[in-house]
Each structure stands twice: as C-alpha cells, then as structure tokens.
$ cat structure03.pdb   # PDB, C-alpha atoms, pLDDT in the B column
ATOM      1  CA  MET B1129       0.000   0.000   0.000  1.00 52.00           C
ATOM      2  CA  THR B1130       1.350   3.426  -0.892  1.00 58.00           C
ATOM      3  CA  PHE B1131       0.377   6.820   0.429  1.00 66.00           C
ATOM      4  CA  ASP B1132       1.183  10.322  -0.683  1.00 82.00           C
ATOM      5  CA  ASP B1133       3.027  12.601   1.747  1.00 83.00           C
ATOM      6  CA  ASP B1134      -0.122  14.447   2.853  1.00 90.00           C
ATOM      7  CA  ASP B1135      -1.924  11.166   3.505  1.00 94.00           C
ATOM      8  CA  VAL B1136       0.990   9.867   5.599  1.00 95.00           C
ATOM      9  CA  THR B1137       0.991  13.095   7.631  1.00 95.00           C
ATOM     10  CA  ARG B1138      -2.785  12.912   8.190  1.00 96.00           C
ATOM     11  CA  ARG B1139      -2.585   9.265   9.224  1.00 97.00           C
ATOM     12  CA  CYS B1140       0.336   9.982  11.582  1.00 98.00           C
ATOM     13  CA  ASP B1141      -1.496  12.930  13.144  1.00 98.00           C
ATOM     14  CA  GLY B1142      -4.627  10.860  13.732  1.00 98.00           C
ATOM     15  CA  LEU B1143      -2.752   7.889  15.155  1.00 98.00           C
ATOM     16  CA  ALA B1144      -0.545  10.057  17.379  1.00 98.00           C
ATOM     17  CA  ALA B1145      -3.568  11.937  18.776  1.00 98.00           C
ATOM     18  CA  ASP B1146      -5.374   8.660  19.566  1.00 97.00           C
ATOM     19  CA  ILE B1147      -2.255   7.118  21.134  1.00 97.00           C
ATOM     20  CA  LEU B1148      -1.607  10.176  23.293  1.00 98.00           C
ATOM     21  CA  ARG B1149      -5.235  10.232  24.489  1.00 97.00           C
ATOM     22  CA  ARG B1150      -5.238   6.506  25.342  1.00 96.00           C
ATOM     23  CA  CYS B1151      -1.879   6.718  27.100  1.00 96.00           C
ATOM     24  CA  GLU B1152      -2.981   9.724  29.147  1.00 96.00           C
ATOM     25  CA  GLU B1153      -6.136   7.857  30.214  1.00 95.00           C
ATOM     26  CA  ARG B1154      -3.997   4.896  31.369  1.00 93.00           C
ATOM     27  CA  GLY B1155      -1.192   6.931  32.949  1.00 94.00           C
ATOM     28  CA  LEU B1156       1.359   5.736  30.378  1.00 94.00           C
ATOM     29  CA  ARG B1157       4.248   7.817  29.057  1.00 97.00           C
ATOM     30  CA  ILE B1158       6.172   7.537  25.775  1.00 98.00           C
ATOM     31  CA  ALA B1159       9.856   8.025  24.987  1.00 98.00           C
ATOM     32  CA  ALA B1160      11.778   7.315  21.790  1.00 98.00           C
ATOM     33  CA  ALA B1161      15.274   6.478  20.590  1.00 98.00           C
ATOM     34  CA  GLU B1162      15.673   7.399  16.938  1.00 98.00           C
ATOM     35  CA  SER B1163      18.302   6.682  14.367  1.00 98.00           C
ATOM     36  CA  LEU B1164      17.086   6.791  10.765  1.00 96.00           C
ATOM     37  CA  THR B1165      14.029   8.917  11.641  1.00 98.00           C
ATOM     38  CA  GLY B1166      16.262  11.579  13.227  1.00 97.00           C
ATOM     39  CA  GLY B1167      13.517  13.242  15.267  1.00 98.00           C
ATOM     40  CA  LEU B1168      10.532  12.636  12.969  1.00 98.00           C
ATOM     41  CA  LEU B1169       8.960  10.235  15.468  1.00 98.00           C
ATOM     42  CA  ALA B1170       9.209  12.865  18.203  1.00 98.00           C
ATOM     43  CA  ASP B1171       7.723  15.402  15.800  1.00 98.00           C
ATOM     44  CA  ALA B1172       4.747  13.126  15.134  1.00 98.00           C
ATOM     45  CA  PHE B1173       3.862  13.368  18.818  1.00 98.00           C
ATOM     46  CA  VAL B1174       4.749  16.994  19.559  1.00 98.00           C
ATOM     47  CA  ARG B1175       2.672  18.181  16.591  1.00 97.00           C
ATOM     48  CA  ILE B1176      -0.369  17.238  18.706  1.00 98.00           C
ATOM     49  CA  PRO B1177      -1.519  19.801  21.311  1.00 97.00           C
ATOM     50  CA  GLY B1178      -1.168  18.434  24.839  1.00 97.00           C
ATOM     51  CA  ALA B1179       1.537  15.926  23.877  1.00 98.00           C
ATOM     52  CA  SER B1180       3.627  17.001  26.878  1.00 98.00           C
ATOM     53  CA  ASN B1181       1.169  15.178  29.148  1.00 98.00           C
ATOM     54  CA  VAL B1182       2.466  11.874  27.717  1.00 98.00           C
ATOM     55  CA  PHE B1183       5.504  12.313  25.467  1.00 98.00           C
ATOM     56  CA  LEU B1184       8.746  12.611  27.430  1.00 98.00           C
ATOM     57  CA  GLY B1185      11.349  13.028  24.706  1.00 98.00           C
ATOM     58  CA  SER B1186      13.508  11.399  22.086  1.00 98.00           C
ATOM     59  CA  ALA B1187      17.192  10.560  22.012  1.00 97.00           C
ATOM     60  CA  VAL B1188      18.440  10.897  18.443  1.00 98.00           C
ATOM     61  CA  THR B1189      21.372   8.504  18.392  1.00 97.00           C
ATOM     62  CA  TYR B1190      22.294   8.552  14.728  1.00 96.00           C
ATOM     63  CA  ASP B1191      25.947   7.664  15.303  1.00 96.00           C
ATOM     64  CA  ILE B1192      26.665   4.022  16.143  1.00 95.00           C
ATOM     65  CA  ARG B1193      28.873   5.027  19.097  1.00 96.00           C
ATOM     66  CA  ALA B1194      26.067   7.194  20.501  1.00 97.00           C
ATOM     67  CA  LYS B1195      23.809   4.140  20.564  1.00 98.00           C
ATOM     68  CA  ALA B1196      26.319   2.511  22.892  1.00 98.00           C
ATOM     69  CA  SER B1197      27.348   5.511  24.999  1.00 97.00           C
ATOM     70  CA  VAL B1198      23.987   7.268  25.367  1.00 97.00           C
ATOM     71  CA  LEU B1199      21.593   4.327  25.303  1.00 97.00           C
ATOM     72  CA  GLY B1200      23.834   1.490  26.424  1.00 97.00           C
ATOM     73  CA  VAL B1201      23.280  -0.716  23.371  1.00 98.00           C
ATOM     74  CA  ASP B1202      25.758  -3.609  23.482  1.00 98.00           C
ATOM     75  CA  ARG B1203      29.022  -2.447  21.852  1.00 98.00           C
ATOM     76  CA  GLY B1204      29.937  -5.963  20.765  1.00 98.00           C
ATOM     77  CA  LEU B1205      26.609  -6.355  18.999  1.00 98.00           C
ATOM     78  CA  LEU B1206      27.076  -3.020  17.228  1.00 98.00           C
ATOM     79  CA  GLU B1207      30.617  -3.972  16.163  1.00 97.00           C
ATOM     80  CA  ARG B1208      29.495  -7.398  14.870  1.00 97.00           C
ATOM     81  CA  GLU B1209      26.170  -6.517  13.258  1.00 97.00           C
ATOM     82  CA  GLY B1210      26.134  -2.746  12.811  1.00 97.00           C
ATOM     83  CA  ALA B1211      23.206  -0.541  13.772  1.00 97.00           C
ATOM     84  CA  VAL B1212      20.672  -2.137  11.414  1.00 98.00           C
ATOM     85  CA  HIS B1213      19.753  -5.223  13.384  1.00 98.00           C
ATOM     86  CA  PRO B1214      16.628  -6.397  15.245  1.00 98.00           C
ATOM     87  CA  GLU B1215      18.405  -6.770  18.583  1.00 98.00           C
ATOM     88  CA  VAL B1216      19.733  -3.219  18.276  1.00 98.00           C
ATOM     89  CA  ALA B1217      16.152  -1.976  17.821  1.00 98.00           C
ATOM     90  CA  ARG B1218      14.990  -3.986  20.843  1.00 97.00           C
ATOM     91  CA  GLN B1219      17.825  -2.714  23.031  1.00 97.00           C
ATOM     92  CA  MET B1220      17.242   0.878  21.909  1.00 98.00           C
ATOM     93  CA  ALA B1221      13.549   0.682  22.862  1.00 98.00           C
ATOM     94  CA  ALA B1222      14.267  -0.856  26.256  1.00 96.00           C
ATOM     95  CA  ALA B1223      17.048   1.638  26.945  1.00 96.00           C
ATOM     96  CA  THR B1224      14.954   4.681  26.103  1.00 97.00           C
ATOM     97  CA  ALA B1225      12.196   3.510  28.467  1.00 95.00           C
ATOM     98  CA  ARG B1226      14.828   3.313  31.233  1.00 94.00           C
ATOM     99  CA  LEU B1227      16.517   6.574  30.210  1.00 95.00           C
ATOM    100  CA  TYR B1228      13.310   8.585  30.546  1.00 96.00           C
ATOM    101  CA  ALA B1229      11.888   6.738  33.556  1.00 94.00           C
ATOM    102  CA  GLN B1230      11.118   8.756  36.682  1.00 93.00           C
ATOM    103  CA  PRO B1231       9.999   7.421  40.072  1.00 93.00           C
ATOM    104  CA  GLU B1232       6.562   9.012  39.711  1.00 93.00           C
ATOM    105  CA  TYR B1233       5.958   7.138  36.424  1.00 90.00           C
ATOM    106  CA  GLY B1234       6.669   3.707  37.883  1.00 84.00           C
ATOM    107  CA  ASP B1235       6.971   1.058  35.185  1.00 86.00           C
ATOM    108  CA  ARG B1236       4.701   3.012  32.823  1.00 93.00           C
ATOM    109  CA  VAL B1237       7.078   4.328  30.132  1.00 96.00           C
ATOM    110  CA  ILE B1238       6.709   2.916  26.626  1.00 97.00           C
ATOM    111  CA  GLY B1239      10.018   2.877  24.769  1.00 97.00           C
ATOM    112  CA  LEU B1240      10.085   3.175  20.974  1.00 98.00           C
ATOM    113  CA  SER B1241      12.997   2.892  18.560  1.00 98.00           C
ATOM    114  CA  THR B1242      13.878   3.181  14.880  1.00 98.00           C
ATOM    115  CA  THR B1243      16.992   1.999  13.070  1.00 98.00           C
ATOM    116  CA  GLY B1244      17.573   1.111   9.442  1.00 98.00           C
ATOM    117  CA  VAL B1245      18.739   2.121   5.988  1.00 98.00           C
ATOM    118  CA  ALA B1246      16.791   5.044   4.550  1.00 97.00           C
ATOM    119  CA  GLY B1247      18.770   5.069   1.317  1.00 96.00           C
ATOM    120  CA  PRO B1248      19.181   6.127  -1.355  1.00 95.00           C
ATOM    121  CA  GLY B1249      21.443   3.104  -1.684  1.00 95.00           C
ATOM    122  CA  PRO B1250      22.320   0.103   0.465  1.00 95.00           C
ATOM    123  CA  ASP B1251      24.507   0.178   3.563  1.00 94.00           C
ATOM    124  CA  GLY B1252      26.930  -2.655   2.942  1.00 93.00           C
ATOM    125  CA  ASP B1253      24.831  -5.804   2.576  1.00 95.00           C
ATOM    126  CA  LYS B1254      21.701  -4.124   3.983  1.00 97.00           C
ATOM    127  CA  PRO B1255      19.354  -2.771   1.327  1.00 98.00           C
ATOM    128  CA  ALA B1256      17.701   0.620   1.350  1.00 97.00           C
ATOM    129  CA  GLY B1257      14.323   0.315   3.012  1.00 98.00           C
ATOM    130  CA  LEU B1258      15.377  -2.313   5.558  1.00 98.00           C
ATOM    131  CA  VAL B1259      14.175  -0.958   8.891  1.00 98.00           C
ATOM    132  CA  TYR B1260      13.791  -2.332  12.399  1.00 98.00           C
ATOM    133  CA  ILE B1261      11.489  -0.785  14.957  1.00 98.00           C
ATOM    134  CA  GLY B1262      11.425  -1.623  18.646  1.00 98.00           C
ATOM    135  CA  LEU B1263       8.746  -1.311  21.304  1.00 97.00           C
ATOM    136  CA  ALA B1264       9.262  -1.773  25.039  1.00 96.00           C
ATOM    137  CA  LEU B1265       5.775  -2.219  26.444  1.00 90.00           C
ATOM    138  CA  PRO B1266       5.107  -1.863  30.163  1.00 84.00           C
ATOM    139  CA  GLY B1267       2.196  -3.878  31.473  1.00 68.00           C
ATOM    140  CA  VAL B1268       2.552  -6.484  28.710  1.00 60.00           C
ATOM    141  CA  LEU B1269       4.465  -9.060  30.683  1.00 52.00           C
ATOM    142  CA  ASP B1270       6.618 -11.853  29.336  1.00 58.00           C
ATOM    143  CA  GLU B1271       6.851 -15.311  30.923  1.00 59.00           C
ATOM    144  CA  ASP B1272       9.314 -13.981  33.531  1.00 62.00           C
ATOM    145  CA  GLY B1273       6.989 -11.162  34.581  1.00 57.00           C
ATOM    146  CA  HIS B1274       9.065  -8.412  32.929  1.00 59.00           C
ATOM    147  CA  GLY B1275       7.772  -5.795  30.503  1.00 66.00           C
ATOM    148  CA  ARG B1276       7.681  -7.109  26.959  1.00 85.00           C
ATOM    149  CA  GLU B1277      10.210  -5.864  24.418  1.00 89.00           C
ATOM    150  CA  VAL B1278       9.548  -6.570  20.754  1.00 91.00           C
ATOM    151  CA  TRP B1279      10.991  -5.667  17.393  1.00 96.00           C
ATOM    152  CA  LYS B1280       9.578  -5.718  13.894  1.00 97.00           C
ATOM    153  CA  GLU B1281      11.295  -5.796  10.525  1.00 98.00           C
ATOM    154  CA  LEU B1282      10.022  -3.485   7.819  1.00 98.00           C
ATOM    155  CA  ARG B1283      10.827  -3.585   4.110  1.00 98.00           C
ATOM    156  CA  LEU B1284       9.879  -0.152   2.776  1.00 98.00           C
ATOM    157  CA  ASN B1285      10.058   1.349  -0.696  1.00 96.00           C
ATOM    158  CA  GLY B1286      10.450   4.943  -1.744  1.00 95.00           C
ATOM    159  CA  THR B1287      12.827   7.827  -1.497  1.00 96.00           C
ATOM    160  CA  ARG B1288      14.958   8.403   1.580  1.00 97.00           C
ATOM    161  CA  GLU B1289      12.368  10.812   2.988  1.00 96.00           C
ATOM    162  CA  GLN B1290       9.482   8.445   2.216  1.00 96.00           C
ATOM    163  CA  VAL B1291      11.225   5.567   4.011  1.00 97.00           C
ATOM    164  CA  ARG B1292      11.777   7.771   7.052  1.00 98.00           C
ATOM    165  CA  ARG B1293       8.157   9.003   7.101  1.00 97.00           C
ATOM    166  CA  LEU B1294       6.713   5.526   6.486  1.00 98.00           C
ATOM    167  CA  THR B1295       8.826   4.231   9.368  1.00 98.00           C
ATOM    168  CA  VAL B1296       7.139   6.734  11.685  1.00 98.00           C
ATOM    169  CA  LEU B1297       3.736   5.653  10.374  1.00 98.00           C
ATOM    170  CA  ARG B1298       4.538   1.976  11.003  1.00 98.00           C
ATOM    171  CA  VAL B1299       5.738   2.697  14.553  1.00 98.00           C
ATOM    172  CA  LEU B1300       2.510   4.579  15.255  1.00 98.00           C
ATOM    173  CA  GLU B1301       0.393   1.810  13.722  1.00 97.00           C
ATOM    174  CA  ASN B1302       2.087  -0.816  15.884  1.00 96.00           C
ATOM    175  CA  LEU B1303       1.846   1.301  19.026  1.00 96.00           C
ATOM    176  CA  SER B1304      -1.793   2.028  18.261  1.00 96.00           C
ATOM    177  CA  LEU B1305      -2.560  -1.693  18.289  1.00 91.00           C
ATOM    178  CA  PHE B1306      -1.045  -1.969  21.760  1.00 87.00           C
ATOM    179  CA  THR B1307      -2.789   1.076  23.197  1.00 84.00           C
ATOM    180  CA  ALA B1308      -6.143   0.043  21.681  1.00 83.00           C
ATOM    181  CA  SER B1309      -5.931  -3.485  23.085  1.00 76.00           C
ATOM    182  CA  SER B1310      -4.317  -2.615  26.425  1.00 61.00           C
ATOM    183  CA  GLN B1311      -6.847  -3.107  29.190  1.00 46.00           C
ATOM    184  CA  GLU B1312      -5.433  -1.467  32.281  1.00 44.00           C
TER     185      GLU B1312
END
$ encode --input "structure03.pdb" --output "structure tokens"
Amino acid sequence: MTFDDDDVTRRCDGLAADILRRCEERGLRIAAAESLTGGLLADAFVRIPGASNVFLGSAVTYDIRAKASVLGVDRGLLEREGAVHPEVARQMAAATARLYAQPEYGDRVIGLSTTGVAGPGPDGDKPAGLVYIGLALPGVLDEDGHGREVWKELRLNGTREQVRRLTVLRVLENLSLFTASSQE
C-alpha cells in the first residue's frame, strides 16, 4: 500500500492523537530512541496539542557510538552486526524507556525505537528500506513477569524521505494496536 506525503501526515497525526489520548487515560508515558528517523517520530507526537502530558522526549542517536554511549546498546553487537539489526532496535527501545523513567511514572514508560537504511542506496549488505522498529511495552508481561520488548522488521520502498516518514507511520500503527488493546 502506498500513500502520498499528505496522507501519511494525516494518518500519523490521527494515530498520534489517539495514542496520546489513550496513554494519558492509562497513565502511560512515551519516549523514543531514533536513528534513521532523526527526530521525525518525536515530531509526530509533539505536533499534537497536549503531547507534553504523555511524550517525554527522544534521544536521536544517529551515530553508532552514541547508541552505545547514550543508550547502552551492546558495543559488541554493534561492532558485529552494525546498527541495522533487530536486537539493536529492541535494546534501543528498552534503553529509552529506562533513560526517561522517573519514580513518579513507575513502570509506565513505553520505549520506541527506529533503526535502518533510509537510502538512497544500500549500507553494505543491507538494502535501502530495511528498517527495524522496537517497542518496550510496560504492562505487557513476558513469561518472567518483565515488561515485553519486541521488534519488527520493515521492508519499505520509496525515497529516503518516504522511508523515514513511512517508518514513523509503522511505529505509530504498531503502538496504536497496543494502546487500543491494552486493558489497564
């Protein structure tokens, strides 16, 4: 499915507004760690009036070393696999939830992440449009009773800017599914 730029913006605005409303009702907060989106995910939230009631911030860790030093992503993993890897996305999401956590929020911070190849060409053996997103979801417990951390692989087509914008849309779509189904 393809969308024009205005349609993507409208869809992002609608999803972000719904997510922010649902999170505020449930006392959840949102934080992001962005690489290929470079702040676009944060912008999708802060475009919505009242976002500051839920959205805490975004760490733009574009440089591979920043992912390790700022977020604490495993250096060995980054050296072996590079930044475009599902485990990197998972670790980024989990780390941003911890980075923005405050005692008054408890375990109620959703962590989001984006990493991938926006293009125009490949990055080594990784093609343009290969993207990983991560979500650290409080209240969705794994078998050990910890918050669930998931990643998703995306294969997107388009220009560099389209890949970046579609990544934001896909993050919002995935987060929307969680916030719509979350019964807290």
$ closest_residue --input "structure03.pdb" --among "B:Arg1298, B:Arg1175, B:Arg1226, B:Arg1218" --to "Val1198 of chain B" --atoms "all atoms listed in the file"
B:Arg1226
$ atom_distance --input "structure03.pdb" --atom1 "atom CA of Asp1146 of chain B" --atom2 "atom CA of Val1259 of chain B"
24.3 Å
$ atom_distance --input "structure03.pdb" --atom1 "atom CA of Cys1151 of chain B" --atom2 "atom CA of Pro1177 of chain B"
14.3 Å
$ closest_residue --input "structure03.pdb" --among "B:Lys1195, B:Ala1145, B:Asp1132, B:Ala1223" --to "Leu1303 of chain B" --atoms "only C-alpha atoms"
B:Ala1145
$ closest_residue --input "structure03.pdb" --among "B:Gln1219, B:Val1245, B:Ala1172, B:Thr1189" --to "Leu1143 of chain B" --atoms "all atoms listed in the file"
B:Ala1172
$ atom_distance --input "structure03.pdb" --atom1 "atom CA of Gly1247 of chain B" --atom2 "atom CA of Asp1134 of chain B"
21.1 Å
$ resolve_selection --input "structure03.pdb" --expression "the PyMOL selection byres ((chain B and resi 1173) around 9)" --output "list in words"
Cys1140, Asp1141, Ala1144, Ala1145, Leu1148, Leu1168, Leu1169, Ala1170, Asp1171, Ala1172, Val1174, Arg1175, Ile1176, Pro1177, Ala1179, Ser1180 and Phe1183 of chain B
$ resolve_selection --input "structure03.pdb" --expression "the PyMOL selection byres ((chain B and resi 1154) around 12)" --output "ChimeraX atom specification"
/B:1147-1153,1155-1158,1181-1182,1233,1236-1238,1266-1267,1307-1312
$ axis_aligned_box --input "structure03.pdb" --around "segment 1214-1224 of chain B" --padding-each-side "4 Å" --output "JSON"
{"center_x": 16.6, "center_y": -1.0, "center_z": 21.1, "size_x": 14.2, "size_y": 19.5, "size_z": 19.7}
$ resolve_selection --input "structure03.pdb" --expression "the PyMOL selection byres ((chain B and resi 1277) around 7)" --output "count of residues only"
8
$ closest_residue --input "structure03.pdb" --among "B:Ala1159, B:Leu1294, B:Leu1240, B:Ile1192" --to "Met1220 of chain B" --atoms "all atoms listed in the file"
B:Leu1240
$ residues_around --input "structure03.pdb" --residues "Val1188 of chain B" --least-positions-apart "6" --cutoff "6 Å" --atoms "all atoms listed in the file" --output "MDAnalysis selection string"
chainID B and resid 1161:1163 1166
$ residues_around --input "structure03.pdb" --residues "Pro1255 of chain B" --least-positions-apart "4" --cutoff "10 Å" --atoms "only C-alpha atoms" --output "list in words"
Gly1244, Val1245, Ala1246, Gly1247, Pro1248, Gly1249, Pro1250, Asp1251, Val1259, Arg1283 and Leu1284 of chain B
$ closest_residue --input "structure03.pdb" --among "B:Val1299, B:Arg1288, B:Ala1211, B:Gly1178" --to "Arg1193 of chain B" --atoms "all atoms listed in the file"
B:Ala1211
$ closest_residue --input "structure03.pdb" --among "B:Ala1256, B:Leu1206, B:Ile1261, B:Val1201" --to "Thr1287 of chain B" --atoms "all atoms listed in the file"
B:Ala1256
$ decode --input "structure03.pdb" --residues "segment 1234-1246 of chain B" --atoms "N, CA and C atoms" --output "compact mmCIF listing (two decimals), in the first residue's frame"
# COMPACT_ATOMS: atom_id res chain seq x y z
N GLY B 1234 6.63 5.14 37.66
CA GLY B 1234 6.67 3.71 37.88
C GLY B 1234 7.14 3.01 36.62
N ASP B 1235 6.62 1.82 36.39
CA ASP B 1235 6.97 1.06 35.18
C ASP B 1235 5.92 1.34 34.11
N ARG B 1236 5.78 2.61 33.73
CA ARG B 1236 4.70 3.01 32.82
C ARG B 1236 5.22 3.81 31.63
N VAL B 1237 6.50 3.61 31.28
CA VAL B 1237 7.08 4.33 30.13
C VAL B 1237 7.24 3.35 28.97
N ILE B 1238 6.58 3.68 27.87
CA ILE B 1238 6.71 2.92 26.63
C ILE B 1238 7.95 3.43 25.92
N GLY B 1239 8.83 2.52 25.54
CA GLY B 1239 10.02 2.88 24.77
C GLY B 1239 9.84 2.49 23.31
N LEU B 1240 10.18 3.41 22.41
CA LEU B 1240 10.09 3.17 20.97
C LEU B 1240 11.46 3.37 20.35
N SER B 1241 11.73 2.67 19.24
CA SER B 1241 13.00 2.89 18.56
C SER B 1241 12.87 2.69 17.06
N THR B 1242 13.78 3.33 16.33
CA THR B 1242 13.88 3.18 14.88
C THR B 1242 15.35 3.08 14.49
N THR B 1243 15.66 2.11 13.63
CA THR B 1243 16.99 2.00 13.07
C THR B 1243 16.87 1.31 11.71
N GLY B 1244 17.68 1.73 10.76
CA GLY B 1244 17.57 1.11 9.44
C GLY B 1244 18.35 1.87 8.39
N VAL B 1245 18.07 1.52 7.14
CA VAL B 1245 18.74 2.12 5.99
C VAL B 1245 17.68 2.89 5.20
N ALA B 1246 17.76 4.21 5.26
CA ALA B 1246 16.79 5.04 4.55
C ALA B 1246 17.12 5.16 3.06
